[in-house]
$ cat final04.cif   # mmCIF, C-alpha atoms
data_input
#
loop_
_atom_site.label_atom_id
_atom_site.label_comp_id
_atom_site.auth_asym_id
_atom_site.auth_seq_id
_atom_site.Cartn_x
_atom_site.Cartn_y
_atom_site.Cartn_z
CA MET J 1 115.72 117.47 114.45
CA THR J 2 112.48 119.49 114.23
CA GLU J 3 111.75 118.05 110.80
CA GLN J 4 112.52 114.53 112.04
CA ILE J 5 110.22 114.80 115.08
CA GLY J 6 107.49 116.30 112.92
CA SER J 7 107.73 113.35 110.54
CA ARG J 8 107.62 110.95 113.45
CA ARG J 9 104.55 112.73 114.88
CA THR J 10 102.72 112.22 111.58
CA PHE J 11 103.79 108.59 111.44
CA LEU J 12 102.40 107.79 114.89
CA ALA J 13 99.34 110.04 115.02
CA ALA J 14 96.93 107.40 113.78
CA GLY J 15 98.54 104.71 115.95
CA SER J 16 98.24 106.89 119.05
CA LEU J 17 94.51 107.44 118.44
CA LEU J 18 94.01 103.72 117.95
CA SER J 19 95.99 103.01 121.11
CA ALA J 20 93.83 105.37 123.15
CA SER J 21 90.56 103.86 121.93
CA ALA J 22 91.82 100.31 122.40
CA ALA J 23 93.49 100.79 125.80
CA LEU J 24 90.87 98.99 127.87
CA ALA J 25 90.65 96.07 125.46
CA ALA J 26 94.36 95.70 124.74
CA SER J 27 95.79 96.20 128.23
CA SER J 28 95.59 93.32 130.63
CA GLY J 29 94.30 93.45 134.20
CA PRO J 30 97.65 93.86 135.97
CA VAL J 31 98.62 96.93 133.93
CA LEU J 32 95.27 98.66 134.29
CA ALA J 33 95.11 97.93 138.00
CA GLN J 34 98.60 99.29 138.47
CA ASP J 35 97.82 102.45 136.50
CA GLY J 36 94.50 103.08 138.21
CA ALA J 37 95.70 102.46 141.75
CA ALA J 38 98.77 104.67 141.61
CA GLY J 39 97.66 107.33 139.13
CA SER J 40 100.30 106.70 136.47
CA THR J 41 102.94 104.22 135.36
CA LEU J 42 105.57 106.94 135.78
CA LYS J 43 104.63 107.36 139.44
CA VAL J 44 104.63 103.59 139.95
CA ILE J 45 108.17 103.37 138.55
CA ARG J 46 109.48 106.16 140.74
CA ASP J 47 107.74 104.89 143.87
CA ARG J 48 109.03 101.37 143.22
CA GLY J 49 112.57 102.67 142.73
CA GLU J 50 113.08 100.35 139.76
CA LEU J 51 112.70 100.60 135.99
CA ARG J 52 111.88 97.12 134.69
CA ILE J 53 113.38 96.80 131.22
CA GLY J 54 112.46 94.01 128.80
CA VAL J 55 115.61 92.40 127.40
CA ALA J 56 115.86 89.87 124.57
CA PRO J 57 119.13 88.49 123.18
CA GLY J 58 120.06 90.16 119.92
CA GLU J 59 123.08 92.36 119.28
CA PRO J 60 123.67 95.24 119.31
CA TRP J 61 120.40 95.87 121.12
CA PHE J 62 120.85 93.47 124.05
CA TYR J 63 123.77 91.23 124.95
CA LYS J 64 124.20 89.18 128.12
CA ASP J 65 127.69 88.29 129.29
CA GLN J 66 127.31 84.66 130.32
CA ARG J 67 130.19 84.84 132.78
CA SER J 68 129.09 87.91 134.70
CA GLY J 69 125.36 87.83 133.96
CA GLU J 70 125.54 91.55 133.09
CA TRP J 71 123.59 93.04 130.18
CA TYR J 72 125.06 95.37 127.56
CA GLY J 73 123.95 96.87 124.25
CA LEU J 74 122.17 99.91 122.87
CA GLY J 75 118.79 98.98 124.35
CA TRP J 76 120.18 98.19 127.77
CA GLY J 77 122.54 101.18 127.78
CA THR J 78 119.67 103.51 126.93
CA GLY J 79 117.60 101.93 129.69
CA VAL J 80 120.39 102.55 132.19
CA ALA J 81 120.56 106.19 131.09
CA VAL J 82 116.78 106.60 131.39
CA ALA J 83 116.80 105.01 134.85
CA LYS J 84 119.53 107.43 135.90
CA GLU J 85 117.37 110.39 134.83
CA LEU J 86 114.53 108.97 136.95
CA GLY J 87 116.77 108.28 139.91
CA VAL J 88 115.83 104.57 139.95
CA LYS J 89 117.56 101.23 139.47
CA PRO J 90 117.48 99.52 136.03
CA VAL J 91 116.26 95.93 136.33
CA PRO J 92 116.41 93.50 133.36
CA VAL J 93 113.42 91.24 132.71
CA GLU J 94 114.19 88.56 130.15
CA THR J 95 111.75 88.01 127.29
CA THR J 96 111.81 87.23 123.55
CA TRP J 97 111.13 89.49 120.60
CA GLY J 98 108.08 87.45 119.70
CA ASN J 99 106.62 87.62 123.23
CA ALA J 100 107.61 91.16 124.20
CA VAL J 101 104.30 92.82 123.31
CA ALA J 102 102.28 90.26 125.27
CA ALA J 103 104.68 90.62 128.21
CA LEU J 104 104.17 94.39 128.21
CA GLN J 105 100.40 93.88 128.16
CA ALA J 106 100.72 91.51 131.11
CA GLY J 107 102.64 94.12 133.11
CA GLN J 108 105.86 92.07 133.30
CA PHE J 109 108.04 95.11 132.61
CA ASP J 110 107.74 98.86 132.00
CA VAL J 111 109.49 99.37 128.68
CA MET J 112 111.11 97.53 125.77
CA PHE J 113 113.74 99.60 124.00
CA THR J 114 114.68 99.25 120.31
CA MET J 115 111.19 98.07 119.36
CA ASP J 116 109.79 99.60 116.20
CA ALA J 117 106.35 101.20 116.19
CA THR J 118 103.99 99.45 113.78
CA PRO J 119 100.22 99.85 113.32
CA GLN J 120 99.57 96.36 114.69
CA ARG J 121 101.79 96.83 117.74
CA ALA J 122 100.18 100.22 118.40
CA LEU J 123 96.86 98.46 118.87
CA ALA J 124 98.32 96.63 121.87
CA VAL J 125 101.10 98.81 123.31
CA ASP J 126 102.08 102.47 123.15
CA PHE J 127 105.04 104.39 121.69
CA PRO J 128 106.52 107.86 122.26
CA ILE J 129 106.29 110.31 119.36
CA GLN J 130 110.05 110.91 119.34
CA PRO J 131 112.18 108.21 117.66
CA MET J 132 114.94 106.52 119.62
CA PHE J 133 117.32 106.28 116.60
CA TRP J 134 117.33 105.45 112.87
CA TYR J 135 118.63 102.53 110.87
CA ALA J 136 118.51 101.05 107.40
CA GLN J 137 117.48 97.52 106.54
CA GLY J 138 120.32 95.54 105.04
CA VAL J 139 121.18 92.08 103.80
CA LEU J 140 124.22 89.96 104.55
CA LEU J 141 124.87 88.15 101.26
CA ALA J 142 126.52 84.76 100.96
CA ASP J 143 129.72 84.52 98.94
CA GLY J 144 128.95 84.44 95.23
CA GLN J 145 125.69 86.40 95.49
CA THR J 146 125.67 89.58 93.39
CA VAL J 147 122.18 91.01 93.92
CA THR J 148 121.90 94.69 94.74
CA SER J 149 118.15 95.30 94.87
CA TRP J 150 115.12 93.87 96.64
CA GLU J 151 113.59 93.03 93.27
CA GLU J 152 116.48 90.73 92.40
CA MET J 153 115.90 88.76 95.62
CA ASN J 154 112.17 88.32 95.06
CA LYS J 155 112.29 84.83 93.57
CA PRO J 156 111.70 81.32 94.99
CA GLU J 157 115.31 80.25 94.59
CA PHE J 158 116.57 83.06 96.82
CA ARG J 159 116.66 81.83 100.43
CA ILE J 160 116.64 84.58 103.03
CA GLY J 161 116.72 84.28 106.81
CA VAL J 162 115.12 86.58 109.38
CA VAL J 163 114.60 86.62 113.14
CA LEU J 164 111.04 85.66 114.00
CA GLY J 165 108.82 88.48 115.21
CA THR J 166 111.15 91.34 114.26
CA SER J 167 110.40 94.29 111.97
CA PRO J 168 112.63 92.86 109.21
CA ASP J 169 110.56 89.66 109.41
CA ARG J 170 107.37 91.60 108.74
CA ASP J 171 108.95 93.79 106.08
CA ILE J 172 110.52 90.89 104.18
CA THR J 173 107.23 88.98 104.25
CA VAL J 174 105.63 91.87 102.33
CA ARG J 175 108.64 92.96 100.28
CA LEU J 176 109.72 89.51 99.08
CA PRO J 177 106.52 87.44 98.70
CA LYS J 178 108.12 85.14 96.13
CA ALA J 179 111.37 84.48 98.01
CA THR J 180 111.92 81.50 100.31
CA ILE J 181 111.85 82.95 103.81
CA GLU J 182 113.16 81.04 106.82
CA ARG J 183 112.51 82.33 110.33
CA PHE J 184 114.69 81.68 113.38
CA PRO J 185 114.31 82.48 117.11
CA SER J 186 117.52 84.54 117.28
CA ALA J 187 120.18 86.22 115.17
CA ASP J 188 122.73 83.61 116.29
CA GLU J 189 120.58 80.75 115.00
CA THR J 190 120.04 82.65 111.77
CA GLY J 191 123.81 83.10 111.49
CA ALA J 192 124.42 79.40 112.11
CA ALA J 193 122.10 78.53 109.21
CA PHE J 194 123.97 81.05 107.06
CA ILE J 195 127.35 79.50 107.93
CA ALA J 196 125.94 76.06 107.10
CA GLY J 197 125.09 77.28 103.61
CA ARG J 198 121.31 77.14 104.06
CA MET J 199 120.83 80.86 103.34
CA ASP J 200 121.63 83.10 100.38
CA GLY J 201 121.17 86.09 102.65
CA ILE J 202 120.11 87.35 106.06
CA SER J 203 118.05 90.49 106.50
CA LEU J 204 118.45 92.58 109.65
CA PHE J 205 118.83 96.27 110.29
CA HIS J 206 122.35 97.44 109.57
CA PRO J 207 123.67 97.65 113.17
CA ALA J 208 122.61 94.05 113.85
CA LEU J 209 124.17 92.87 110.58
CA VAL J 210 127.47 94.50 111.53
CA MET J 211 127.46 92.57 114.80
CA LEU J 212 126.57 89.30 113.10
CA GLN J 213 129.23 89.63 110.42
CA SER J 214 131.84 90.41 113.08
CA ARG J 215 131.08 87.05 114.67
CA ILE J 216 130.74 84.77 111.66
CA LYS J 217 133.31 86.61 109.51
CA LYS J 218 131.54 85.69 106.31
CA GLY J 219 129.47 87.40 103.67
CA LYS J 220 129.05 90.92 102.37
CA ILE J 221 126.67 93.56 103.75
CA ILE J 222 124.58 95.56 101.29
CA LEU J 223 121.79 98.12 101.71
CA PRO J 224 119.48 97.01 98.90
CA GLN J 225 117.76 99.56 96.71
CA PRO J 226 115.40 101.21 97.20
CA MET J 227 116.84 101.82 100.66
CA ARG J 228 114.45 101.18 103.51
CA GLU J 229 115.21 103.44 106.46
CA SER J 230 113.25 103.17 109.66
CA PRO J 231 112.98 104.87 113.05
CA SER J 232 113.19 102.65 116.09
CA SER J 233 111.33 103.35 119.29
CA ALA J 234 110.54 102.08 122.78
CA ALA J 235 107.31 100.25 123.61
CA VAL J 236 105.44 100.93 126.84
CA PRO J 237 102.17 99.64 128.31
CA ASN J 238 99.05 101.13 126.74
CA VAL J 239 97.33 102.77 129.70
CA ALA J 240 95.00 105.74 130.09
CA ASP J 241 97.57 108.01 131.74
CA LYS J 242 100.21 108.94 129.15
CA SER J 243 102.72 110.64 131.47
CA TRP J 244 105.22 107.75 131.28
CA ARG J 245 105.03 107.56 127.48
CA ASP J 246 105.33 111.32 127.07
CA TRP J 247 108.20 111.76 129.54
CA LEU J 248 110.08 108.89 127.92
CA GLY J 249 109.64 110.53 124.52
CA VAL J 250 111.16 113.78 125.79
CA CYS J 251 114.06 111.79 127.25
CA LEU J 252 114.70 109.82 124.05
CA GLY J 253 114.49 112.98 121.94
CA TYR J 254 117.02 114.70 124.19
CA PHE J 255 119.40 111.73 124.12
CA TYR J 256 119.24 111.62 120.31
CA ALA J 257 119.69 115.36 119.74
CA THR J 258 122.66 115.61 122.10
CA GLY J 259 124.40 112.55 120.62
CA GLN J 260 124.07 110.44 123.77
CA THR J 261 122.26 107.62 121.97
CA GLN J 262 124.99 107.53 119.30
CA LYS J 263 127.66 107.42 122.01
CA ILE J 264 125.94 104.50 123.77
CA PHE J 265 125.99 102.66 120.44
CA GLU J 266 129.63 103.46 119.72
CA ASP J 267 130.70 102.48 123.24
CA TYR J 268 129.06 99.11 122.76
CA LEU J 269 130.76 98.56 119.39
CA ALA J 270 134.12 99.32 120.99
CA PHE J 271 133.29 96.96 123.87
CA ARG J 272 132.75 94.19 121.30
CA GLY J 273 135.96 95.01 119.41
CA ILE J 274 134.32 96.71 116.42
CA ASP J 275 135.56 100.02 115.02
CA PRO J 276 132.70 102.54 115.38
CA ALA J 277 134.17 104.65 112.58
CA ALA J 278 133.66 101.77 110.13
CA THR J 279 129.99 101.34 111.06
CA PRO J 280 127.12 103.48 109.73
CA ALA J 281 125.76 105.81 112.41
CA ILE J 282 122.33 105.44 113.98
CA MET J 283 121.76 109.18 113.51
CA ARG J 284 120.13 109.59 110.10
CA GLU J 285 121.63 113.05 109.69
CA ARG J 286 125.13 111.55 109.61
CA TRP J 287 124.33 109.33 106.64
CA LYS J 288 124.39 112.39 104.39
CA ALA J 289 127.72 113.65 105.72
#
$ encode --input "final04.cif" --output "structure tokens"
Amino acid sequence: MTEQIGSRRTFLAAGSLLSASAALAASSGPVLAQDGAAGSTLKVIRDRGELRIGVAPGEPWFYKDQRSGEWYGLGWGTGVAVAKELGVKPVPVETTWGNAVAALQAGQFDVMFTMDATPQRALAVDFPIQPMFWYAQGVLLADGQTVTSWEEMNKPEFRIGVVLGTSPDRDITVRLPKATIERFPSADETGAAFIAGRMDGISLFHPALVMLQSRIKKGKIILPQPMRESPSSAAVPNVADKSWRDWLGVCLGYFYATGQTQKIFEDYLAFRGIDPAATPAIMRERWKA
């Protein structure tokens, strides 16, 4: 865990410096006013008695039961656990993956879980040093496709679908510049195009692919070589006082080290009728077991 956090610290050091220097420019009026008036976002959350959590449809991160209106998933479950540590109520605020950063800047919610830290995002919002969990980028291949590497997919005739605004979207854009990339608002719409035969593959991180395959019951999941593993994080408003960001990082690091994050993930898989034992863990250390 020490090695992992150290690697994460190196990864985000430059982004944190950029975030600090760009805070006044990147944060909108409502966030800065809130931070300045109350002293810190952490204090605002505790005084309000609510943790406002950005939620965007996309399993296994966030899932809304249409009958009950309740939210589930790894992102929501982690948010509930964080709110419990704070002694406040978790409140969902609906957004989209493409709009989440702007919504954080506008002060619409306090945190967006399962959002990866990237240099561009770190210019607008902030991220804890500690990772929330790890995953590998995979591809759900259509029947008849036999590719095993990213290089084999990098050709115009290979049609690959991604969810607009996600990390796989950005990665595929760079990794497969010659492929035909189609972008969709959600994983469900990407899956529908796959079922209709419009896609040769779909690229998502492996937990999301497991969920998608369980619904459409088609295709084969591969982790193309060279494997791309990535830490996920939680985005927070970029404000001068870093107490909320830093406390959240301690909380996420504790959840990960004690296995609580993994348990939240496994509980959600079981809730959706998927065998957790047949799904790769979101703890990188378990991949080598």
$ resolve_selection --input "final04.cif" --expression "the PyMOL selection byres ((chain J and resi 197) around 12)" --output "list in words"
Leu141, Ala142, Asp143, Gly144, Arg159, Ile160, Gly161, Thr190, Gly191, Ala192, Ala193, Phe194, Ile195, Ala196, Arg198, Met199, Asp200, Gly201, Ile202, Lys218 and Gly219 of chain J
$ atom_distance --input "final04.cif" --atom1 "CA of Thr114 (chain J)" --atom2 "CA of Ala235 (chain J)"
8.1 Å
$ residues_near_point --input "final04.cif" --point "(113.6, 88.1, 116.3)" --cutoff "7 Å" --atoms "only C-alpha atoms" --output "VMD selection string"
chain J and resid 97 to 98 163 to 166 185 to 187
$ closest_residue --input "final04.cif" --among "J:Lys84, J:Lys155, J:Lys43, J:Arg52" --to "Leu104 (chain J)" --atoms "only C-alpha atoms"
J:Arg52
$ atom_distance --input "final04.cif" --atom1 "CA of Pro131 (chain J)" --atom2 "CA of Trp61 (chain J)"
15.2 Å
$ closest_residue --input "final04.cif" --among "J:Asp241, J:Cys251, J:Leu123, J:Ala208" --to "Ala81 (chain J)" --atoms "all atoms listed in the file"
J:Cys251
$ resolve_selection --input "final04.cif" --expression "the PyMOL selection byres ((chain J and resi 260) around 12)" --output "PyMOL selection string"
chain J and resi 74+77-78+81-82+132-133+251-259+261-267+282-283
$ atom_distance --input "final04.cif" --atom1 "CA of Met112 (chain J)" --atom2 "CA of Ile129 (chain J)"
15.1 Å
$ closest_residue --input "final04.cif" --among "J:Asp246, J:Glu50, J:Asp110, J:Glu59" --to "Gly87 (chain J)" --atoms "all atoms listed in the file"
J:Glu50
$ closest_residue --input "final04.cif" --among "J:Ser149, J:Ser230, J:Ser68, J:Thr279" --to "Gln213 (chain J)" --atoms "all atoms listed in the file"
J:Thr279
$ closest_residue --input "final04.cif" --among "J:Arg245, J:Arg183, J:Arg286, J:Arg67" --to "Gln130 (chain J)" --atoms "all atoms listed in the file"
J:Arg245
$ closest_residue --input "final04.cif" --among "J:Pro156, J:Thr180, J:Glu285, J:Leu140" --to "Ile222 (chain J)" --atoms "all atoms listed in the file"
J:Leu140
$ resolve_selection --input "final04.cif" --expression "the PyMOL selection byres ((chain J and resi 237) around 6)" --output "list in words"
Leu104, Val125, Asp126, Val236, Asn238 and Val239 of chain J
$ residues_around --input "final04.cif" --residues "Thr95 (chain J)" --least-positions-apart "5" --cutoff "10 Å" --atoms "only C-alpha atoms" --output "JSON list (two decimals) with C-alpha atoms, in the coordinates of the input"
[["chain", "number", "residue", "atom", "x", "y", "z"],
["J", 53, "ILE", "CA", 113.38, 96.80, 131.22],
["J", 54, "GLY", "CA", 112.46, 94.01, 128.80],
["J", 55, "VAL", "CA", 115.61, 92.40, 127.40],
["J", 56, "ALA", "CA", 115.86, 89.87, 124.57],
["J", 57, "PRO", "CA", 119.13, 88.49, 123.18],
["J", 100, "ALA", "CA", 107.61, 91.16, 124.20],
["J", 101, "VAL", "CA", 104.30, 92.82, 123.31],
["J", 102, "ALA", "CA", 102.28, 90.26, 125.27],
["J", 103, "ALA", "CA", 104.68, 90.62, 128.21],
["J", 104, "LEU", "CA", 104.17, 94.39, 128.21],
["J", 108, "GLN", "CA", 105.86, 92.07, 133.30],
["J", 109, "PHE", "CA", 108.04, 95.11, 132.61],
["J", 112, "MET", "CA", 111.11, 97.53, 125.77]]
